Amino acid sequence: IVLSKTTSSKILFCLSCLLSFFSITLFALLASIDFSEIVVSWVFFVSCLDKFTGVHDIINVNTYVMNKIVRGLSIVATPIGNLDDITYRAVTVLKECDIIICENPKHSLKLLNKLGIKKKLIALHDYNEHKIIDQIKVSLKNKNCVLISDAGSPLISDPGYNLVQYCIANNIRITSVPGPSSIVSGLQLSGLPISEFAFFGFVPKSKKKNGRCL
């Protein structure tokens with residue numbers, strides 16, 4: 001039994017004490033025990049109730065709600081193929097953010113239009129990442145920004161590394177909203193033992209470099 005300092009808890013506490021008292025009294029009458037012993041036993045029982053029932057005072061308990069959107073950068077995973085493969089939390093974050101940083105706005109619009117989300121989109125890729133970081137550095141501190149890729153989990157063989165490094169260096173809050181990942185899906189369907197695995201990114205296109213990689 002866990003009680004707290006609320007009105008309902010106090011009422012339940014009093015009722016339980018009265019019930020206990022009447023029960024002990026009835027038992028004593030039936031057993032012909034001295035009434036003074038009953039009172040002493042009941043007082044002792046009440047004084048020790050906190051210890052026996054685990055009564056706790058709620059003092060300065062800070063609860064952090066994961067779904068609460070706060071200023072900073074949220075890294076959100078998006079569907080790989082089926083647009084329905086997206087979490088409720090990811091949809092909430094996308095709906096409540098101020099800016100969406102994406103690889104290709106035209107590609108991301110397919111998902112956002114399906115979800116009925118209209119937000120400011122900023123294209124970020126390997127060739128303009130430092131420039132975009134300079135443009136949005138104020139927004140990263142004052143607004144809710146989201147990073148998504150064309151498909152799957154951002155940063156895995158996708159741009160965003162420098163952006164995350166900037167946020168870490170400048171003490172800007174970062175959180176991850178997990179979801180679809182092509183790596184995990186590929187491993188699950190491979191039939192290989194996957195208690196251990198290594199990821200090397202995209203395989204080189206040329207046969208020579210491909211052979212070296214293998």
# chains A, B, ... in the order shown; residues from 1 in each chain; ligands from 1

call {"tool": "residues_around", "arguments": {"residues": "Tyr88 (chain A)", "least_positions_apart": "5", "cutoff": "12 Å", "atoms": "only C-alpha atoms", "output": "PyMOL selection string"}}
result
chain A and resi 67+76-78+93-95+115+177-179

call {"tool": "residues_around", "arguments": {"residues": "Asp126 (chain A)", "least_positions_apart": "4", "cutoff": "10 Å", "atoms": "only C-alpha atoms", "output": "short mmCIF file (atom, residue, chain, number, x, y, z; two decimals) with C-alpha atoms, in the first residue's frame"}}
result
data_model
loop_
_atom_site.label_atom_id
_atom_site.label_comp_id
_atom_site.auth_asym_id
_atom_site.auth_seq_id
_atom_site.Cartn_x
_atom_site.Cartn_y
_atom_site.Cartn_z
CA GLU A 103 17.76 15.76 -47.34
CA HIS A 130 28.21 23.85 -42.76
CA ASP A 158 23.21 10.10 -44.47
CA PRO A 159 24.11 13.76 -43.77
CA GLY A 160 23.76 15.29 -40.32
CA TYR A 161 27.02 14.38 -38.57
CA ASN A 162 28.33 17.95 -38.53
#

call {"tool": "atom_distance", "arguments": {"atom1": "CA of Leu147 (chain A)", "atom2": "CA of Leu73 (chain A)"}}
result
7.0 Å
